[in-house]
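As provided, model_21.cif (mmCIF, C-alpha atoms) reads as follows.
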```cif
data_query
#
loop_
_atom_site.label_atom_id
_atom_site.label_comp_id
_atom_site.auth_asym_id
_atom_site.auth_seq_id
_atom_site.Cartn_x
_atom_site.Cartn_y
_atom_site.Cartn_z
CA MET A 28 -71.60 -52.35 56.26
CA GLY A 29 -68.90 -53.26 58.71
CA GLY A 30 -70.06 -55.42 61.61
CA ARG A 31 -67.25 -55.62 64.15
CA VAL A 32 -64.66 -54.82 61.48
CA THR A 33 -64.53 -51.04 61.05
CA GLY A 34 -60.90 -50.51 60.00
CA ALA A 35 -59.24 -51.09 56.65
CA ALA A 36 -58.93 -54.62 55.32
CA GLY A 37 -55.21 -54.07 54.79
CA ALA A 38 -52.55 -51.42 54.27
CA LEU A 39 -53.68 -48.32 52.42
CA ALA A 40 -52.26 -47.52 48.99
CA GLU A 41 -49.64 -44.80 49.32
CA GLU A 42 -50.33 -43.39 45.86
CA LEU A 43 -52.36 -44.12 42.76
CA PRO A 44 -51.08 -44.52 39.21
CA GLY A 45 -50.99 -41.23 37.31
CA TRP A 46 -53.69 -42.48 34.94
CA VAL A 47 -56.22 -42.91 37.79
CA SER A 48 -58.30 -40.09 39.29
CA LEU A 49 -60.77 -40.32 42.19
CA LEU A 50 -63.90 -38.20 42.44
CA ARG A 51 -65.84 -38.91 45.64
CA ALA A 52 -69.57 -38.25 45.64
CA PRO A 53 -71.06 -36.14 48.47
CA ASN A 54 -73.23 -38.99 49.80
CA PRO A 55 -71.52 -40.12 53.02
CA GLY A 56 -73.37 -42.42 55.39
CA PRO A 57 -73.21 -45.66 57.38
CA MET A 58 -73.56 -47.77 54.20
CA THR A 59 -71.56 -45.54 51.83
CA LEU A 60 -68.70 -44.62 54.23
CA ASP A 61 -67.16 -41.36 52.96
CA GLY A 62 -69.30 -41.46 49.81
CA THR A 63 -69.35 -43.36 46.53
CA ASN A 64 -65.99 -43.46 44.76
CA THR A 65 -66.14 -42.55 41.07
CA TRP A 66 -62.95 -43.61 39.32
CA VAL A 67 -61.73 -41.95 36.12
CA LEU A 68 -59.14 -43.86 34.08
CA ARG A 69 -57.31 -42.40 31.07
CA ALA A 70 -54.52 -43.99 29.02
CA GLY A 71 -53.12 -40.63 27.90
CA PRO A 72 -53.87 -36.92 27.56
CA ASP A 73 -55.76 -37.34 24.27
CA ALA A 74 -57.35 -40.72 25.02
CA PRO A 75 -61.03 -41.03 25.96
CA ALA A 76 -61.51 -41.65 29.66
CA VAL A 77 -63.33 -44.55 31.26
CA VAL A 78 -65.59 -43.57 34.18
CA VAL A 79 -66.39 -46.30 36.70
CA ASP A 80 -69.49 -45.90 38.91
CA PRO A 81 -70.96 -42.41 38.39
CA GLY A 82 -72.63 -42.50 41.81
CA PRO A 83 -75.77 -40.61 42.89
CA ALA A 84 -77.74 -38.07 40.87
CA ASP A 85 -75.88 -35.10 42.35
CA GLU A 86 -75.49 -32.34 39.77
CA GLY A 87 -72.25 -31.03 41.22
CA HIS A 88 -70.65 -34.46 41.29
CA LEU A 89 -71.81 -35.29 37.76
CA ALA A 90 -70.52 -31.95 36.47
CA ALA A 91 -67.14 -32.69 38.05
CA ILE A 92 -67.05 -36.04 36.24
CA ALA A 93 -68.04 -34.45 32.93
CA ALA A 94 -65.23 -31.92 33.34
CA HIS A 95 -62.80 -34.84 32.97
CA GLY A 96 -63.97 -35.36 29.37
CA PRO A 97 -63.61 -36.56 26.76
CA VAL A 98 -65.18 -39.73 28.16
CA GLY A 99 -65.58 -42.80 25.99
CA TRP A 100 -67.44 -45.14 28.33
CA VAL A 101 -69.18 -45.27 31.71
CA LEU A 102 -68.87 -48.65 33.43
CA ILE A 103 -70.93 -49.93 36.36
CA THR A 104 -69.65 -52.39 38.97
CA HIS A 105 -73.16 -53.29 40.21
CA GLY A 106 -76.66 -51.92 40.17
CA HIS A 107 -77.15 -50.38 43.61
CA PRO A 108 -78.47 -46.80 43.36
CA ASP A 109 -75.50 -45.21 45.12
CA HIS A 110 -73.42 -46.37 42.12
CA THR A 111 -75.90 -45.99 39.26
CA GLU A 112 -78.46 -43.29 40.02
CA GLY A 113 -76.46 -40.58 38.28
CA ALA A 114 -75.74 -42.61 35.14
CA PRO A 115 -78.65 -41.39 32.96
CA ARG A 116 -77.93 -37.73 33.69
CA LEU A 117 -74.17 -38.20 33.22
CA ARG A 118 -74.86 -39.82 29.87
CA GLU A 119 -76.80 -36.70 28.88
CA LEU A 120 -73.98 -34.43 29.99
CA LEU A 121 -71.49 -36.50 27.99
CA GLY A 122 -73.49 -36.51 24.77
CA GLY A 123 -74.83 -40.04 24.95
CA VAL A 124 -71.71 -42.09 25.69
CA PRO A 125 -72.35 -45.81 26.35
CA VAL A 126 -73.15 -46.84 29.92
CA LEU A 127 -72.22 -50.50 30.29
CA ALA A 128 -73.12 -52.85 33.15
CA ALA A 129 -73.46 -56.60 33.57
CA ASP A 130 -77.18 -56.07 34.13
CA PRO A 131 -78.97 -54.95 30.96
CA ALA A 132 -81.27 -52.82 33.14
CA HIS A 133 -78.34 -50.47 33.81
CA THR A 134 -76.91 -50.59 30.28
CA ALA A 135 -77.55 -47.89 27.67
CA GLY A 136 -76.00 -47.33 24.26
CA GLY A 137 -74.15 -50.64 24.06
CA ALA A 138 -74.08 -54.31 24.95
CA PRO A 139 -74.05 -55.42 28.61
CA LEU A 140 -70.62 -56.00 30.12
CA THR A 141 -69.12 -59.43 29.59
CA THR A 142 -65.55 -60.67 29.30
CA ALA A 143 -66.01 -60.30 25.53
CA THR A 144 -67.61 -56.83 25.45
CA THR A 145 -65.45 -54.90 27.93
CA PRO A 146 -63.95 -51.86 26.14
CA ASP A 147 -60.18 -51.57 26.14
CA ALA A 148 -59.62 -47.80 25.80
CA GLY A 149 -55.87 -48.46 25.67
CA LEU A 150 -55.95 -49.57 29.30
CA GLY A 151 -55.94 -53.36 29.11
CA LEU A 152 -59.31 -53.56 30.86
CA ARG A 153 -60.32 -57.08 31.92
CA LEU A 154 -63.70 -57.92 33.42
CA LEU A 155 -63.73 -60.14 36.53
CA PRO A 156 -67.25 -61.45 37.26
CA THR A 157 -67.51 -61.37 41.07
CA PRO A 158 -71.12 -62.08 42.11
CA GLY A 159 -72.03 -62.27 45.77
CA HIS A 160 -72.57 -58.77 47.11
CA THR A 161 -75.17 -58.67 44.33
CA ALA A 162 -75.79 -61.08 41.48
CA ASP A 163 -74.48 -58.55 38.94
CA SER A 164 -71.30 -57.48 40.77
CA VAL A 165 -68.13 -57.25 38.70
CA CYS A 166 -64.58 -56.09 39.29
CA LEU A 167 -62.18 -54.66 36.73
CA LEU A 168 -58.50 -55.51 36.36
CA VAL A 169 -56.76 -52.63 34.60
CA GLU A 170 -53.16 -52.58 33.37
CA HIS A 171 -51.41 -49.59 31.85
CA ALA A 172 -47.84 -48.30 31.69
CA GLY A 173 -46.54 -51.23 33.72
CA GLU A 174 -48.98 -50.67 36.61
CA ARG A 175 -52.07 -52.66 37.56
CA VAL A 176 -55.12 -51.97 39.73
CA VAL A 177 -58.31 -53.84 40.54
CA LEU A 178 -61.51 -51.81 40.81
CA THR A 179 -63.53 -53.79 43.33
CA GLY A 180 -66.88 -51.98 43.56
CA ASP A 181 -68.54 -53.13 46.78
CA THR A 182 -67.01 -56.62 46.66
CA ILE A 183 -64.08 -55.26 48.70
CA LEU A 184 -64.40 -51.92 50.50
CA GLY A 185 -61.61 -49.66 51.65
CA ARG A 186 -62.88 -49.83 55.22
CA GLY A 187 -65.03 -52.38 57.03
CA THR A 188 -66.72 -55.29 55.30
CA THR A 189 -69.56 -55.42 52.81
CA VAL A 190 -73.11 -56.71 53.03
CA VAL A 191 -74.21 -59.79 51.11
CA ALA A 192 -77.50 -58.32 49.93
CA HIS A 193 -79.77 -61.39 50.22
CA PRO A 194 -81.71 -62.59 48.27
CA ASP A 195 -79.98 -60.98 45.28
CA GLY A 196 -76.62 -61.50 46.95
CA HIS A 197 -75.39 -65.04 47.61
CA LEU A 198 -72.77 -66.02 50.18
CA GLY A 199 -71.43 -69.04 48.29
CA ASP A 200 -70.88 -66.85 45.23
CA TYR A 201 -69.30 -64.17 47.38
CA LEU A 202 -66.80 -66.57 48.95
CA ALA A 203 -65.88 -67.85 45.48
CA SER A 204 -65.40 -64.26 44.28
CA LEU A 205 -63.10 -63.51 47.21
CA GLU A 206 -61.10 -66.65 46.39
CA LEU A 207 -60.71 -65.34 42.84
CA LEU A 208 -59.59 -61.90 44.05
CA SER A 209 -57.12 -63.42 46.52
CA ALA A 210 -54.92 -64.29 43.53
CA TYR A 211 -54.25 -60.60 42.82
CA ARG A 212 -51.52 -60.14 45.42
CA GLY A 213 -49.57 -56.92 45.47
CA ILE A 214 -52.06 -55.12 43.20
CA PRO A 215 -53.86 -52.06 44.62
CA ALA A 216 -57.62 -52.33 45.15
CA LEU A 217 -59.71 -49.31 44.20
CA PRO A 218 -63.01 -49.82 46.06
CA GLY A 219 -66.48 -48.38 45.61
CA HIS A 220 -66.27 -46.79 49.07
CA GLY A 221 -63.41 -45.88 51.37
CA PRO A 222 -59.68 -45.50 50.70
CA ALA A 223 -57.66 -47.42 48.14
CA LEU A 224 -55.88 -50.48 49.51
CA ALA A 225 -52.32 -51.52 48.71
CA ASP A 226 -53.00 -55.23 48.14
CA CYS A 227 -56.22 -56.62 46.65
CA GLY A 228 -55.20 -60.25 47.33
CA ALA A 229 -54.41 -59.59 50.99
CA ALA A 230 -57.69 -57.73 51.45
CA ALA A 231 -59.60 -60.65 49.87
CA GLU A 232 -57.91 -63.10 52.24
CA PHE A 233 -58.80 -60.86 55.21
CA TYR A 234 -62.41 -60.81 54.04
CA LEU A 235 -62.44 -64.59 53.65
CA ALA A 236 -61.17 -65.07 57.19
CA HIS A 237 -63.78 -62.63 58.50
CA ARG A 238 -66.61 -64.36 56.65
CA ARG A 239 -65.56 -67.79 57.90
CA ALA A 240 -65.37 -66.51 61.48
CA ARG A 241 -68.80 -64.94 61.09
CA LEU A 242 -70.21 -68.23 59.81
CA ASP A 243 -68.84 -69.94 62.94
CA GLN A 244 -70.65 -67.34 65.06
CA VAL A 245 -73.89 -67.93 63.18
CA ARG A 246 -73.54 -71.71 63.61
CA ALA A 247 -73.04 -71.19 67.34
CA ALA A 248 -76.06 -68.90 67.58
CA VAL A 249 -78.24 -71.46 65.80
CA ALA A 250 -76.92 -74.25 68.02
CA ALA A 251 -77.83 -72.12 71.06
CA GLY A 252 -81.42 -71.82 69.86
CA ALA A 253 -81.59 -68.83 67.49
CA ARG A 254 -83.85 -69.73 64.59
CA THR A 255 -84.75 -66.57 62.70
CA ALA A 256 -82.50 -64.01 61.07
CA PRO A 257 -83.49 -61.28 63.58
CA GLU A 258 -82.63 -63.64 66.47
CA VAL A 259 -79.23 -64.37 64.98
CA VAL A 260 -78.57 -60.68 64.33
CA ALA A 261 -79.34 -59.88 67.98
CA VAL A 262 -76.64 -62.34 69.06
CA VAL A 263 -73.94 -62.04 66.39
CA TYR A 264 -74.28 -58.31 65.70
CA ALA A 265 -75.02 -57.25 69.28
CA ASP A 266 -72.19 -54.69 69.20
CA VAL A 267 -73.45 -53.05 65.98
CA ASP A 268 -75.68 -49.98 66.16
CA ARG A 269 -79.29 -51.16 65.99
CA SER A 270 -79.97 -48.69 63.20
CA LEU A 271 -77.86 -50.97 60.97
CA TRP A 272 -79.42 -54.28 61.99
CA TRP A 273 -81.66 -54.22 58.92
CA ALA A 274 -78.53 -54.45 56.74
CA ALA A 275 -76.97 -57.10 58.97
CA GLU A 276 -80.13 -59.14 58.51
CA TRP A 277 -79.43 -59.31 54.75
CA SER A 278 -76.07 -60.94 55.44
CA VAL A 279 -77.50 -63.24 58.13
CA ARG A 280 -80.19 -64.50 55.77
CA ALA A 281 -77.44 -65.25 53.25
CA GLN A 282 -75.41 -67.02 55.96
CA LEU A 283 -78.34 -69.13 57.10
CA GLU A 284 -79.09 -70.10 53.52
CA HIS A 285 -75.42 -71.04 53.03
CA LEU A 286 -75.56 -73.23 56.16
CA GLY A 287 -78.77 -74.92 55.03
CA VAL A 288 -80.80 -73.54 57.93
CA GLU A 289 -84.47 -73.27 56.97
CA GLN A 290 -85.94 -69.83 57.66
CA PRO A 291 -89.56 -68.97 58.31
#
```
Entire entry expressed as structure tokens:
Amino acid sequence: MGGRVTGAAGALAEELPGWVSLLRAPNPGPMTLDGTNTWVLRAGPDAPAVVVDPGPADEGHLAAIAAHGPVGWVLITHGHPDHTEGAPRLRELLGGVPVLAADPAHTAGGAPLTTATTPDAGLGLRLLPTPGHTADSVCLLVEHAGERVVLTGDTILGRGTTVVAHPDGHLGDYLASLELLSAYRGIPALPGHGPALADCGAAAEFYLAHRRARLDQVRAAVAAGARTAPEVVAVVYADVDRSLWWAAEWSVRAQLEHLGVEQP
């Protein structure tokens, strides 16, 4: 959800590595942008693929993913339904392959994702715990054939900025996760929604600057007398379509908590 920032958080990636494929789910909307991005990674023609974020329970989309078999693993960046809803059905289509997530509730056929349990699949997969958007959010650093990418889920989007989904999401954690991602300069970011970005580190720094500016706006709104999250939203997100204020309120509640402002 983008607030005043509706463009990309940096330059777009001109091309993807040959071992990366994008399948976009047909679920566009204000919160999902063009739709959920399902990423398919494969180290070589005969290697099992890794599917990241199967998306919604859309039979056509899931069939398109299954057509990229053989698939060895399905990985989940976080538990929101637009990323996970199709996972059980995809697992059926793929003959019971493991679905692995940081949250055991979204894990089937294997151990939950940790830095020690992330499958390699010949791709040099490395798990980056990045809580904040949600408590279970992770990113994936992948290196193969001399190229690297970071799959960012909803921690960094290809367009606009993301919601800190309070109370599961936490702004302090989110800022720390962006600090971590800012170290990955010059590495493309493959987001959960929107286009791929050329530089994960630059996008993280852009997000950090935006979040800090937004915190200043919230401080000013509180100083001017706003006390509740809806009151702050009406001031700080006045230029956002009112149909999205419910999502802005999630982030504002997280901001007020971060600032130590008691909420009714």
Check your understanding: Which value, in Å to one decimal, gives the distance between CA of Ala250 in chain A and CA of Glu276 in chain A?
Key -> 18.1 Å
Each range 243-275 of chain A residue no farther than 12 Å from range 173-193 of chain A, nearest pair in Å, only C-alpha atoms, as JSON lines:
```
{"residue": "A:Ala256", "atom": "CA", "partner": "A:His193", "partner_atom": "CA", "distance": 11.5}
{"residue": "A:Leu271", "atom": "CA", "partner": "A:Val190", "partner_atom": "CA", "distance": 10.9}
{"residue": "A:Trp272", "atom": "CA", "partner": "A:Val190", "partner_atom": "CA", "distance": 11.2}
{"residue": "A:Trp273", "atom": "CA", "partner": "A:Val190", "partner_atom": "CA", "distance": 10.7}
{"residue": "A:Ala274", "atom": "CA", "partner": "A:Val190", "partner_atom": "CA", "distance": 6.9}
{"residue": "A:Ala275", "atom": "CA", "partner": "A:Val190", "partner_atom": "CA", "distance": 7.1}
```
Point to revise | Minimum-distance residue to Gly99 in chain A, chosen among A:Gly137, A:Pro75, A:Gly219, A:Pro55 (using all atoms listed in the file) | key: A:Pro75
Practice item. Please evaluate the PyMOL selection byres ((chain A and resi 231) around 9) against the displayed coordinates and give the resulting residues as a PyMOL selection string. Key: chain A and resi 36+183+204-211+226-230+232-236
Review point. Selected by the PyMOL selection byres ((chain A and resi 222) around 10) in the shown coordinates: which residues, as an MDAnalysis selection string?
Key: chainID A and resid 35 38:40 60:61 64 184:186 216:221 223:225
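For the pair CA of Asn54 in chain A and CA of Leu152 in chain A, the interatomic distance is 27.7 Å.
Distance-wise, CA of Ala172 in chain A and CA of Trp66 in chain A end up 17.6 Å apart.
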Review point. Which polymer residues, protein or nucleic acid, are no farther than 9 Å from (-73.3, -56.9, 40.6), counting all atoms listed in the file, as a PyMOL selection string?
Key: chain A and resi 103-107+128-130+156-166+180-182+196
Exercise for review: Write out as a PyMOL selection string each polymer residue whose atoms come within 8 Å of Gly149 in chain A, counting all atoms listed in the file; drop sequence neighbours fewer than 6 positions from it.
Suggested key: chain A and resi 70+74+171
Point to revise | Ground truth for the PyMOL selection byres ((chain A and resi 116) around 12), written as a list in words | key: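 Listing what the PyMOL selection byres ((chain A and resi 116) around 12) selects in the shown file: Pro81, Gly82, Pro83, Ala84, Asp85, Glu86, Gly87, His88, Leu89, Ala90, Ile92, Ala93, Val101, Thr111, Glu112, Gly113, Ala114, Pro115, Leu117, Arg118, Glu119, Leu120, Leu121, Gly122, Gly123, Val124, Val126 and Ala135 of chain A.
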Point to revise | Which residue of A:Leu49, A:Pro139, A:Arg212, A:Leu150 approaches Gly71 in chain A most closely, using all atoms listed in the file | key: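 Nearest to Gly71 in chain A: A:Leu150.
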Study note, to complete from the structure: For Pro215 in chain A, the closest of A:Asp266, A:Glu170, A:Asp147, A:Asp195 counting only C-alpha atoms is A:Glu170
**Study point:** Using all atoms listed in the file: which of A:Thr63, A:Ser278, A:Thr142, A:Ser270 has the shortest distance to Leu198 in chain A
**Key:**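 Using all atoms listed in the file, the shortest distance to Leu198 in chain A belongs to A:Ser278.
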